[in-house]
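**Q** Hey, dropping final25.pdb in here, PDB, C-alpha atoms:
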```
MODEL        1
ATOM      1  CA  MET A 995     -12.322  -7.271 -26.413
ATOM      2  CA  ALA A 996     -11.731 -10.050 -23.946
ATOM      3  CA  GLU A 997     -14.040  -8.422 -21.408
ATOM      4  CA  THR A 998     -17.070 -10.253 -22.723
ATOM      5  CA  VAL A 999     -16.224 -13.340 -20.657
ATOM      6  CA  ARG A1000     -15.336 -12.439 -17.107
ATOM      7  CA  SER A1001     -14.602 -14.709 -14.231
ATOM      8  CA  PRO A1002     -16.777 -14.332 -11.111
ATOM      9  CA  TRP A1003     -13.482 -13.502  -9.377
ATOM     10  CA  PHE A1004     -13.013 -10.386 -11.510
ATOM     11  CA  LEU A1005     -14.622  -7.798  -9.226
ATOM     12  CA  PRO A1006     -13.400  -9.362  -5.936
ATOM     13  CA  VAL A1007      -9.798  -9.292  -7.195
ATOM     14  CA  ILE A1008     -10.168  -5.666  -8.362
ATOM     15  CA  TYR A1009     -11.479  -4.838  -4.889
ATOM     16  CA  VAL A1010      -8.595  -6.576  -3.102
ATOM     17  CA  GLY A1011      -6.064  -4.912  -5.395
ATOM     18  CA  GLY A1012      -7.636  -1.518  -4.644
ATOM     19  CA  LEU A1013      -7.588  -2.335  -0.950
ATOM     20  CA  VAL A1014      -3.848  -3.063  -0.925
ATOM     21  CA  PHE A1015      -3.298   0.043  -3.079
ATOM     22  CA  GLY A1016      -5.270   2.226  -0.635
ATOM     23  CA  LEU A1017      -3.588   0.718   2.407
ATOM     24  CA  GLY A1018      -0.244   1.651   0.850
ATOM     25  CA  LEU A1019      -1.405   5.225   0.205
ATOM     26  CA  ALA A1020      -2.489   5.539   3.841
ATOM     27  CA  ILE A1021       0.677   4.017   5.349
ATOM     28  CA  SER A1022       2.933   6.135   3.121
ATOM     29  CA  GLY A1023       1.228   9.373   4.177
ATOM     30  CA  MET A1024       0.225  10.297   0.628
ATOM     31  CA  ALA A1025      -3.387  10.460   1.786
ATOM     32  CA  ARG A1026      -2.369  13.468   3.888
ATOM     33  CA  PRO A1027      -1.891  16.714   1.898
ATOM     34  CA  GLU A1028       0.558  18.000   4.527
ATOM     35  CA  VAL A1029       2.984  15.135   3.837
ATOM     36  CA  VAL A1030       2.875  15.765   0.078
ATOM     37  CA  LEU A1031       3.367  19.520   0.570
ATOM     38  CA  ASP A1032       6.340  18.851   2.881
ATOM     39  CA  PHE A1033       7.885  16.872   0.026
ATOM     40  CA  LEU A1034       7.227  19.564  -2.571
ATOM     41  CA  GLN A1035       8.659  22.196  -0.208
ATOM     42  CA  PHE A1036      11.836  20.101   0.289
ATOM     43  CA  GLU A1037      11.140  19.448   3.966
ATOM     44  CA  ASP A1038      10.763  15.657   3.702
ATOM     45  CA  PHE A1039      11.999  13.652   0.724
ATOM     46  CA  GLY A1040      10.327  10.417   1.808
ATOM     47  CA  LEU A1041       7.790  10.553  -1.033
ATOM     48  CA  LEU A1042      10.559   9.589  -3.448
ATOM     49  CA  PHE A1043      10.440   6.153  -1.846
ATOM     50  CA  VAL A1044       6.670   5.884  -2.362
ATOM     51  CA  MET A1045       6.730   6.524  -6.088
ATOM     52  CA  GLY A1046      10.066   4.772  -6.513
ATOM     53  CA  GLY A1047       9.073   1.689  -4.514
ATOM     54  CA  ALA A1048       5.746   1.395  -6.305
ATOM     55  CA  ALA A1049       7.285   1.835  -9.769
ATOM     56  CA  VAL A1050       9.927  -0.832  -9.048
ATOM     57  CA  VAL A1051       7.215  -3.351  -8.101
ATOM     58  CA  THR A1052       5.075  -2.598 -11.173
ATOM     59  CA  GLY A1053       8.187  -2.475 -13.365
ATOM     60  CA  ILE A1054       9.313  -5.965 -12.332
ATOM     61  CA  THR A1055       5.742  -7.274 -12.631
ATOM     62  CA  PHE A1056       5.230  -5.821 -16.119
ATOM     63  CA  ALA A1057       8.623  -7.076 -17.316
ATOM     64  CA  ILE A1058       8.026 -10.645 -16.147
ATOM     65  CA  ALA A1059       4.404 -10.830 -17.297
ATOM     66  CA  THR A1060       4.975  -9.428 -20.795
ATOM     67  CA  ARG A1061       7.940 -11.778 -21.373
ATOM     68  CA  SER A1062       7.022 -14.994 -19.610
ATOM     69  CA  LEU A1063       3.285 -15.225 -18.956
ATOM     70  CA  ASN A1064       0.523 -15.987 -21.404
ATOM     71  CA  ARG A1065      -2.846 -14.392 -20.806
ATOM     72  CA  ALA A1066      -4.446 -12.938 -17.696
ATOM     73  CA  PRO A1067      -6.436 -15.733 -16.015
ATOM     74  CA  LEU A1068      -9.580 -13.737 -15.175
ATOM     75  CA  THR A1069     -10.087 -11.947 -18.509
ATOM     76  CA  GLY A1070      -7.993 -13.714 -21.132
ATOM     77  CA  SER A1071      -6.389 -10.347 -21.930
ATOM     78  CA  GLU A1072      -2.811 -10.138 -23.128
ATOM     79  CA  TYR A1073      -0.236  -8.577 -20.832
ATOM     80  CA  THR A1074       0.964  -5.226 -22.149
ATOM     81  CA  ARG A1075       2.933  -2.285 -20.873
ATOM     82  CA  ARG A1076       1.398   1.152 -20.302
ATOM     83  CA  LEU A1077       2.529   3.068 -23.373
ATOM     84  CA  LYS A1078       0.523   6.138 -24.332
ATOM     85  CA  ASP A1079       1.151   8.378 -27.325
ATOM     86  CA  PHE A1080       3.040  11.559 -26.684
ATOM     87  CA  ASP A1081       1.502  14.845 -27.752
ATOM     88  CA  ARG A1082       1.276  18.409 -26.532
ATOM     89  CA  ASN A1083      -1.554  17.523 -24.122
ATOM     90  CA  VAL A1084       0.839  15.342 -22.117
ATOM     91  CA  LEU A1085       2.894  18.459 -21.344
ATOM     92  CA  VAL A1086       0.007  20.905 -20.891
ATOM     93  CA  GLY A1087      -1.998  18.446 -18.787
ATOM     94  CA  GLY A1088       1.050  17.544 -16.713
ATOM     95  CA  GLY A1089       1.675  21.233 -16.078
ATOM     96  CA  ILE A1090      -1.936  21.917 -15.025
ATOM     97  CA  PHE A1091      -1.900  18.826 -12.814
ATOM     98  CA  GLY A1092       1.369  20.062 -11.298
ATOM     99  CA  VAL A1093      -0.153  23.417 -10.332
ATOM    100  CA  GLY A1094      -3.122  21.619  -8.764
ATOM    101  CA  TRP A1095      -0.950  19.116  -6.916
ATOM    102  CA  GLY A1096       1.373  21.859  -5.643
ATOM    103  CA  LEU A1097      -1.558  23.989  -4.501
ATOM    104  CA  SER A1098      -3.549  21.254  -2.734
ATOM    105  CA  GLY A1099      -1.096  18.433  -2.014
ATOM    106  CA  ILE A1100      -3.636  15.922  -3.291
ATOM    107  CA  CYS A1101      -3.882  13.607  -6.317
ATOM    108  CA  PRO A1102      -6.790  11.336  -7.317
ATOM    109  CA  GLY A1103      -5.850   7.987  -5.695
ATOM    110  CA  ALA A1104      -4.605   9.690  -2.539
ATOM    111  CA  ALA A1105      -7.820  11.721  -2.326
ATOM    112  CA  TYR A1106      -9.985   8.569  -2.329
ATOM    113  CA  ALA A1107      -7.716   7.033   0.307
ATOM    114  CA  SER A1108      -8.010  10.203   2.356
ATOM    115  CA  ILE A1109     -11.750   9.570   2.744
ATOM    116  CA  GLY A1110     -10.839   6.206   4.238
ATOM    117  CA  ILE A1111      -8.732   7.792   6.969
ATOM    118  CA  GLY A1112     -11.661  10.025   7.941
ATOM    119  CA  ASN A1113     -10.394  13.217   6.329
ATOM    120  CA  TYR A1114     -13.777  14.680   5.377
ATOM    121  CA  PRO A1115     -12.419  18.115   4.265
ATOM    122  CA  ILE A1116     -10.881  16.227   1.315
ATOM    123  CA  LEU A1117     -14.387  16.213  -0.190
ATOM    124  CA  TRP A1118     -13.582  19.762  -1.359
ATOM    125  CA  SER A1119     -10.812  18.263  -3.503
ATOM    126  CA  ILE A1120     -12.934  15.415  -4.794
ATOM    127  CA  VAL A1121     -15.720  17.809  -5.793
ATOM    128  CA  GLY A1122     -13.049  19.944  -7.466
ATOM    129  CA  MET A1123     -11.654  16.943  -9.380
ATOM    130  CA  PHE A1124     -15.067  15.979 -10.740
ATOM    131  CA  LEU A1125     -15.759  19.593 -11.750
ATOM    132  CA  GLY A1126     -12.349  19.782 -13.421
ATOM    133  CA  ALA A1127     -12.782  16.479 -15.248
ATOM    134  CA  TYR A1128     -16.259  17.585 -16.343
ATOM    135  CA  ALA A1129     -15.008  20.978 -17.539
ATOM    136  CA  GLN A1130     -12.252  19.469 -19.675
ATOM    137  CA  GLY A1131     -14.557  16.790 -21.101
ATOM    138  CA  TYR A1132     -17.232  19.361 -21.938
ATOM    139  CA  TRP A1133     -14.690  21.697 -23.499
ATOM    140  CA  ARG A1134     -13.065  18.970 -25.577
ATOM    141  CA  THR A1135     -16.440  17.755 -26.797
ATOM    142  CA  LEU A1136     -17.222  21.294 -27.953
ATOM    143  CA  ARG A1137     -13.864  21.453 -29.695
ATOM    144  CA  ALA A1138     -14.110  17.997 -31.256
ATOM    145  CA  GLY A1139     -15.766  19.463 -34.364
ATOM    146  CA  ASP A1140     -12.582  21.379 -35.134
ATOM    147  CA  ALA A1141     -10.718  18.065 -35.541
ATOM    148  CA  ALA A1142      -7.886  19.854 -33.780
ATOM    149  CA  ASP A1143      -7.946  17.196 -31.116
ATOM    150  CA  GLY A1144      -6.584  14.289 -33.124
ATOM    151  CA  VAL A1145      -7.947  10.828 -33.715
ATOM    152  CA  GLU A1146      -9.204  10.259 -30.174
ATOM    153  CA  SER A1147     -12.066  12.710 -30.344
ATOM    154  CA  THR A1148     -13.331  11.795 -33.780
ATOM    155  CA  ALA A1149     -14.885   8.702 -32.216
ATOM    156  CA  ASP A1150     -17.347  11.046 -30.534
TER     157      ASP A1150
ATOM    158  CA  MET B 489      14.878  31.297   3.851
ATOM    159  CA  GLU B 490      16.787  30.193   6.944
ATOM    160  CA  SER B 491      15.397  26.680   6.485
ATOM    161  CA  ILE B 492      17.836  26.011   3.647
ATOM    162  CA  ILE B 493      20.834  25.525   5.948
ATOM    163  CA  PRO B 494      19.532  22.628   8.115
ATOM    164  CA  LEU B 495      18.250  21.015   4.927
ATOM    165  CA  LEU B 496      21.837  20.144   4.087
ATOM    166  CA  ALA B 497      22.129  17.756   7.019
ATOM    167  CA  VAL B 498      21.306  14.262   5.734
ATOM    168  CA  GLY B 499      19.268  13.341   8.799
ATOM    169  CA  GLU B 500      16.942  16.243   8.067
ATOM    170  CA  LEU B 501      16.010  14.909   4.641
ATOM    171  CA  PHE B 502      13.736  12.250   6.166
ATOM    172  CA  PRO B 503      12.257  13.624   9.403
ATOM    173  CA  ARG B 504       9.579  10.886   9.392
ATOM    174  CA  GLY B 505      12.065   8.140   8.556
ATOM    175  CA  ILE B 506      12.004   6.038   5.405
ATOM    176  CA  THR B 507      10.152   2.869   6.452
ATOM    177  CA  PRO B 508       6.513   4.026   6.133
ATOM    178  CA  TYR B 509       7.244   5.587   2.759
ATOM    179  CA  LEU B 510       8.971   2.519   1.362
ATOM    180  CA  LEU B 511       6.438   0.072   2.822
ATOM    181  CA  GLY B 512       3.544   2.191   1.542
ATOM    182  CA  GLY B 513       5.109   2.455  -1.908
ATOM    183  CA  LEU B 514       5.675  -1.293  -2.147
ATOM    184  CA  LEU B 515       2.016  -1.880  -1.215
ATOM    185  CA  VAL B 516       0.796   0.633  -3.824
ATOM    186  CA  GLY B 517       2.827  -1.263  -6.415
ATOM    187  CA  LEU B 518       1.610  -4.612  -5.106
ATOM    188  CA  GLY B 519      -2.037  -3.515  -5.355
ATOM    189  CA  ALA B 520      -1.532  -2.537  -9.000
ATOM    190  CA  ALA B 521       0.380  -5.802  -9.621
ATOM    191  CA  ILE B 522      -2.432  -7.957  -8.159
ATOM    192  CA  ILE B 523      -4.960  -6.418 -10.547
ATOM    193  CA  TYR B 524      -2.564  -6.582 -13.505
ATOM    194  CA  LEU B 525      -1.543 -10.210 -13.027
ATOM    195  CA  ALA B 526      -5.141 -11.362 -12.588
ATOM    196  CA  THR B 527      -6.792  -9.280 -15.298
ATOM    197  CA  GLY B 528      -4.159  -7.646 -17.526
ATOM    198  CA  ILE B 529      -5.649  -4.278 -16.569
ATOM    199  CA  ILE B 530      -3.259  -1.415 -15.815
ATOM    200  CA  ALA B 531      -5.268   0.553 -13.280
ATOM    201  CA  GLY B 532      -4.939   4.299 -12.860
ATOM    202  CA  ALA B 533      -6.942   6.244 -10.298
ATOM    203  CA  SER B 534      -7.970   9.287 -12.326
ATOM    204  CA  THR B 535      -9.949   7.656 -15.161
ATOM    205  CA  PHE B 536     -12.540   6.953 -12.438
ATOM    206  CA  LEU B 537     -13.514  10.636 -12.707
ATOM    207  CA  GLU B 538     -14.561  10.397 -16.370
ATOM    208  CA  SER B 539     -15.998   6.897 -16.186
ATOM    209  CA  THR B 540     -18.173   7.855 -13.199
ATOM    210  CA  LEU B 541     -19.348  11.031 -14.932
ATOM    211  CA  SER B 542     -20.773   8.768 -17.654
ATOM    212  CA  TYR B 543     -23.479   7.718 -15.178
ATOM    213  CA  VAL B 544     -24.826  11.258 -14.873
ATOM    214  CA  SER B 545     -23.754  13.162 -17.995
ATOM    215  CA  ASP B 546     -24.761  12.975 -21.650
ATOM    216  CA  VAL B 547     -21.525  14.601 -22.781
ATOM    217  CA  PRO B 548     -20.271  12.243 -25.520
ATOM    218  CA  ARG B 549     -16.696  12.280 -24.271
ATOM    219  CA  PHE B 550     -17.678  10.548 -21.023
ATOM    220  CA  ASN B 551     -19.836   7.993 -22.800
ATOM    221  CA  ARG B 552     -17.175   6.516 -25.005
ATOM    222  CA  PHE B 553     -16.996   2.733 -24.936
ATOM    223  CA  LYS B 554     -13.824   2.514 -22.886
ATOM    224  CA  TYR B 555     -15.348   4.548 -20.049
ATOM    225  CA  VAL B 556     -18.783   2.958 -20.014
ATOM    226  CA  GLN B 557     -17.467  -0.615 -20.131
ATOM    227  CA  SER B 558     -14.957   0.046 -17.337
ATOM    228  CA  ARG B 559     -17.053   2.251 -15.048
ATOM    229  CA  GLY B 560     -18.319  -0.647 -12.944
ATOM    230  CA  TRP B 561     -14.953  -2.075 -11.978
ATOM    231  CA  ARG B 562     -13.510   1.411 -11.529
ATOM    232  CA  LEU B 563     -16.129   2.058  -8.841
ATOM    233  CA  VAL B 564     -15.091  -1.212  -7.175
ATOM    234  CA  PHE B 565     -11.396  -0.272  -7.446
ATOM    235  CA  THR B 566     -12.073   3.091  -5.788
ATOM    236  CA  ALA B 567     -14.172   1.447  -3.065
ATOM    237  CA  GLY B 568     -11.178  -0.826  -2.484
ATOM    238  CA  ILE B 569      -8.828   2.161  -2.142
ATOM    239  CA  ILE B 570     -11.137   3.768   0.431
ATOM    240  CA  SER B 571     -11.468   0.463   2.308
ATOM    241  CA  GLY B 572      -7.722  -0.145   2.382
ATOM    242  CA  ALA B 573      -7.092   3.307   3.798
ATOM    243  CA  ALA B 574      -9.909   2.727   6.300
ATOM    244  CA  ILE B 575      -8.122  -0.402   7.550
ATOM    245  CA  TRP B 576      -5.218   1.880   8.387
ATOM    246  CA  GLY B 577      -7.434   4.585   9.921
ATOM    247  CA  LEU B 578      -9.650   2.257  11.942
ATOM    248  CA  VAL B 579      -7.489  -0.742  12.834
ATOM    249  CA  LEU B 580      -3.762  -0.146  12.419
ATOM    250  CA  HIS B 581      -3.653   3.492  13.451
ATOM    251  CA  PRO B 582      -7.043   4.247  15.018
ATOM    252  CA  GLY B 583      -8.318   7.792  15.078
ATOM    253  CA  ILE B 584      -9.836  10.309  12.714
ATOM    254  CA  TRP B 585      -7.305  12.491  10.947
ATOM    255  CA  THR B 586      -8.298  15.696   9.143
ATOM    256  CA  THR B 587      -6.229  18.119   7.107
ATOM    257  CA  ASP B 588      -5.579  21.741   8.038
ATOM    258  CA  VAL B 589      -5.029  22.769   4.407
ATOM    259  CA  GLN B 590      -7.546  25.483   3.594
ATOM    260  CA  TRP B 591     -10.716  24.622   1.681
ATOM    261  CA  TRP B 592     -10.002  26.894  -1.270
ATOM    262  CA  ARG B 593      -6.637  25.225  -1.833
ATOM    263  CA  LEU B 594      -8.303  21.806  -1.755
ATOM    264  CA  LEU B 595     -11.119  22.868  -4.103
ATOM    265  CA  GLY B 596      -9.021  24.912  -6.527
ATOM    266  CA  GLY B 597      -6.185  22.390  -6.538
ATOM    267  CA  GLY B 598      -8.676  19.564  -7.013
ATOM    268  CA  PHE B 599     -10.215  21.340 -10.012
ATOM    269  CA  LEU B 600      -6.818  21.741 -11.697
ATOM    270  CA  VAL B 601      -5.945  18.110 -10.876
ATOM    271  CA  GLY B 602      -9.214  17.068 -12.536
ATOM    272  CA  VAL B 603      -8.435  19.063 -15.689
ATOM    273  CA  GLY B 604      -4.733  18.229 -15.808
ATOM    274  CA  THR B 605      -4.823  14.483 -15.231
ATOM    275  CA  ARG B 606      -7.504  13.971 -17.863
ATOM    276  CA  LEU B 607      -5.866  16.238 -20.430
ATOM    277  CA  GLY B 608      -2.444  14.732 -19.707
ATOM    278  CA  LYS B 609      -3.681  11.111 -19.920
ATOM    279  CA  GLY B 610      -2.920  10.107 -16.351
ATOM    280  CA  CYS B 611      -1.958  10.974 -12.806
ATOM    281  CA  THR B 612       0.506   9.926 -10.124
ATOM    282  CA  SER B 613      -0.680   6.312 -10.314
ATOM    283  CA  GLY B 614      -1.288   5.979 -14.066
ATOM    284  CA  HIS B 615       1.806   7.824 -15.305
ATOM    285  CA  GLY B 616       3.825   7.938 -12.085
ATOM    286  CA  VAL B 617       3.597   4.307 -10.997
ATOM    287  CA  CYS B 618       2.395   2.232 -13.971
ATOM    288  CA  GLY B 619       3.802   4.415 -16.766
ATOM    289  CA  VAL B 620       7.204   4.761 -15.119
ATOM    290  CA  GLY B 621       7.121   1.015 -14.372
ATOM    291  CA  SER B 622       6.544   0.519 -18.111
ATOM    292  CA  LEU B 623       9.521   2.774 -18.903
ATOM    293  CA  SER B 624       7.182   4.820 -21.107
ATOM    294  CA  ASN B 625       8.806   7.990 -22.436
ATOM    295  CA  THR B 626       5.416   9.724 -22.467
ATOM    296  CA  SER B 627       4.940   8.966 -18.776
ATOM    297  CA  LEU B 628       8.488   9.937 -17.825
ATOM    298  CA  VAL B 629       8.020  13.323 -19.528
ATOM    299  CA  ASN B 630       4.615  13.825 -17.876
ATOM    300  CA  VAL B 631       5.976  12.946 -14.425
ATOM    301  CA  ALA B 632       8.999  15.230 -14.827
ATOM    302  CA  THR B 633       6.644  18.033 -15.902
ATOM    303  CA  PHE B 634       4.196  17.715 -13.036
ATOM    304  CA  LEU B 635       6.940  17.250 -10.434
ATOM    305  CA  VAL B 636       8.809  20.396 -11.485
ATOM    306  CA  VAL B 637       5.620  22.474 -11.759
ATOM    307  CA  ALA B 638       4.234  21.166  -8.448
ATOM    308  CA  ILE B 639       7.488  21.939  -6.620
ATOM    309  CA  GLY B 640       7.495  25.456  -8.080
ATOM    310  CA  THR B 641       3.843  25.977  -7.143
ATOM    311  CA  ALA B 642       4.220  24.691  -3.584
ATOM    312  CA  GLN B 643       7.338  26.789  -3.021
ATOM    313  CA  LEU B 644       5.577  29.873  -4.409
ATOM    314  CA  VAL B 645       2.513  29.338  -2.216
ATOM    315  CA  GLN B 646       4.795  28.943   0.796
ATOM    316  CA  ALA B 647       6.781  32.050  -0.126
ATOM    317  CA  LEU B 648       3.537  34.021  -0.350
ATOM    318  CA  GLY B 649       2.952  33.088   3.278
ATOM    319  CA  VAL B 650      -0.072  30.844   2.691
ATOM    320  CA  SER B 651      -0.140  28.246   5.457
ATOM    321  CA  PRO B 652      -1.451  25.684   5.850
TER     322      PRO B 652
ENDMDL
END
```
Translate this structure into C-alpha cells?

**A**
Amino acid sequence: MAETVRSPWFLPVIYVGGLVFGLGLAISGMARPEVVLDFLQFEDFGLLFVMGGAAVVTGITFAIATRSLNRAPLTGSEYTRRLKDFDRNVLVGGGIFGVGWGLSGICPGAAYASIGIGNYPILWSIVGMFLGAYAQGYWRTLRAGDAADGVESTAD
Amino acid sequence: MESIIPLLAVGELFPRGITPYLLGGLLVGLGAAIIYLATGIIAGASTFLESTLSYVSDVPRFNRFKYVQSRGWRLVFTAGIISGAAIWGLVLHPGIWTTDVQWWRLLGGGFLVGVGTRLGKGCTSGHGVCGVGSLSNTSLVNVATFLVVAIGTAQLVQALGVSP
C-alpha cells in the first residue's frame, strides 16, 4: 500500500475536498429531507441535476486521470476507477437502502451536511445509520463461519 | 391524485429552478475530484459508518485493515462535509434550518440506510456519484435499484397520508 508515506498535505486536502463536497450538498438542497422527498414524490425533479452534475464531473476527472496522469502526488497511489464486484448483495442492499431513503429522505453524506446547516433532528437519522451499520456488520460476522458470504468475509 | 395533472406542465417540474441543483451537483463532484486527483482515493460517505465503529467495537468486520487504516481521514472528510454545509448555513444563507419530517421516519429510515449502504457496497456518493462516474455496471444496477425502490416507498408513504 502506498499509504505508508503520506504528504503533510494529505489531511488538509481531504478536509478541503470534504468542505467543497458538503457545500455542494447544502446548496443543492440534498441536506434537506423535504427536498429529497419532493423528488421521490415527483414534485421536483431538480435532484437529477445534482447526481447528474456530480457524476459528469467525477466521470471526466476519472477518465482523464486514468488515461493521462501518472500517480497521485500526495500518496503515490495509481489512479483507478470505482469498479466493485457485482453480487446479490448489491441488489438486496440497494433495495434496503432505497426503502430507507424513501422513508426518511436522507442518505449518509447529506445527513452529515445536514448537521452543518443546523438541522439537529437529523441526529435521529445518524444514530439510525450507525445502528444499521452495526447490525449488518454484527450479523455478517456471525454468518462469516458459514462461508456463505464469499471471499470478503474470510479475511475475518 | 389530482396532483398528476399539473405535473405535466414543464414549468412545474422544477419549482425551485435548476441553478441550485446544478451548482450543488458540480460542487459535490468537484469535492470528490479534488480528493481523487491529490490522493487517488475515491471517497464515499457511507464507509465512514463502519470505519468509525472500529474505534468502539471489537466486531472483526469493523476492524479489517481497510477500515482501520482509513478511519482517520474518513473522520476528517466528514468534518469537511459538515464544515462546508456550515459555510452555507452560517455565511451564504444564514439561519438555522430544521426538518419537519417525523423522528421515527428519520430513525427508521436511517437504520435501513445504514444496513443497505453497507450491504450494497455504497451509497448515493459512492455508487451514485463515483460509481456512475466510473461507468461501473455494479453501481449503475445499484443506483437503478435504490432509485426505483425509494420512489415506490416515498409514494407509498405519501399515499398512506404520512406527512411530513

**Q** Is it possible to get the residues within 12 Å of (-13.0, 5.9, -20.0) (coordinates as in the file, counting only C-alpha atoms) written as a ChimeraX atom specification?

**A** /A:1127,1131,1146 /B:531-543,548-562,606,609-610

**Q** Give as a list in words the residues that the PyMOL selection byres ((chain A and resi 1102) around 9) matches when applied to the coordinates above.

**A** Ile1100, Cys1101, Gly1103, Ala1104, Ala1105, Tyr1106, Ala1107, Ser1119, Ile1120 and Met1123 of chain A; Ala533, Ser534, Phe536, Leu537, Gly598, Val601, Gly602, Thr605, Cys611, Thr612 and Ser613 of chain B

**Q** Between B:Leu607, B:Leu644, B:Leu563, B:Val650, which one has atoms that come closest to Asn630 in chain B, using all atoms listed in the file?

**A**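 Among B:Leu607, B:Leu644, B:Leu563, B:Val650, it is B:Leu607 that comes nearest to Asn630 in chain B.
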
**Q** Given all atoms listed in the file as the basis, pick out the residue of B:Val544, B:Val589, B:Gly583, B:Gly621 nearest to chain A.

**A** B:Gly621

**Q** Just give me the residues with any atom within 8 Å of (4.5, 10.8, -14.0), file coordinates, counting all atoms listed in the file, written as number ranges by chain.

**A** B: 610-617, 619-620, 627-635

**Q** Where does the PyMOL selection byres ((chain A and resi 1056) around 8) land in this file, that is, which residues does it pick, as an NGL selection string?

**A** (:A and (1052-1055 or 1057-1060 or 1073-1075)) or (:B and (621-622))

**Q** Identify which of the residues A:Gly1112, A:Gly1047, A:Gly1096, A:Pro1006 lies closest to Gln646 in chain B, counting only C-alpha atoms when measuring atom-to-atom distances.

**A** A:Gly1096

**Q** Name every residue that the PyMOL selection byres ((chain B and resi 574) around 8) selects in this structure, writing the answer as an mmCIF file with C-alpha atoms, keeping the file's coordinate frame with chains first and numbers rising.

**A**
```
data_model
loop_
_atom_site.group_PDB
_atom_site.id
_atom_site.type_symbol
_atom_site.label_atom_id
_atom_site.label_comp_id
_atom_site.auth_asym_id
_atom_site.auth_seq_id
_atom_site.Cartn_x
_atom_site.Cartn_y
_atom_site.Cartn_z
ATOM 1 C CA LEU A 1017 -3.588 0.718 2.407
ATOM 2 C CA ALA A 1107 -7.716 7.033 0.307
ATOM 3 C CA ILE A 1109 -11.750 9.570 2.744
ATOM 4 C CA GLY A 1110 -10.839 6.206 4.238
ATOM 5 C CA ILE A 1111 -8.732 7.792 6.969
ATOM 6 C CA GLY A 1112 -11.661 10.025 7.941
ATOM 7 C CA ILE B 570 -11.137 3.768 0.431
ATOM 8 C CA SER B 571 -11.468 0.463 2.308
ATOM 9 C CA GLY B 572 -7.722 -0.145 2.382
ATOM 10 C CA ALA B 573 -7.092 3.307 3.798
ATOM 11 C CA ILE B 575 -8.122 -0.402 7.550
ATOM 12 C CA TRP B 576 -5.218 1.880 8.387
ATOM 13 C CA GLY B 577 -7.434 4.585 9.921
ATOM 14 C CA LEU B 578 -9.650 2.257 11.942
ATOM 15 C CA VAL B 579 -7.489 -0.742 12.834
#
```

**Q** Please compute the CA of Ala1066 in chain A-CA of Leu1013 in chain A distance, one decimal, in Å.

**A**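 Pair CA of Ala1066 in chain A / CA of Leu1013 in chain A returns 20.1 Å.
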
**Q** Could you state the separation of CA of Gly1011 in chain A and CA of Ile522 in chain B in Å, given to one decimal place?

**A**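 Between CA of Gly1011 in chain A and CA of Ile522 in chain B the gap works out to 5.5 Å.
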
**Q** Take CA of Val1014 in chain A and CA of Glu1072 in chain A and report the distance between them in Å, one decimal.

**A**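 Atom-to-atom, CA of Val1014 in chain A to CA of Glu1072 in chain A, that is 23.3 Å.
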
**Q** Could you check the closest approach to chain A for each of B:Trp592, B:Ile529, B:Ala567, B:Gly513 and tell me which residue wins, using only C-alpha atoms?

**A**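 Checking each of B:Trp592, B:Ile529, B:Ala567, B:Gly513 against chain A, counting only C-alpha atoms, the winner is B:Gly513.
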
**Q** Please identify all polymer residues within 7 Å of Gly1126 in chain A, counting all atoms listed in the file, omitting same-chain residues fewer than 6 positions from it, and present them as a list in words.

**A**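 After dropping sequence-adjacent residues, the list is Phe599, Leu600, Gly602 and Val603 of chain B.
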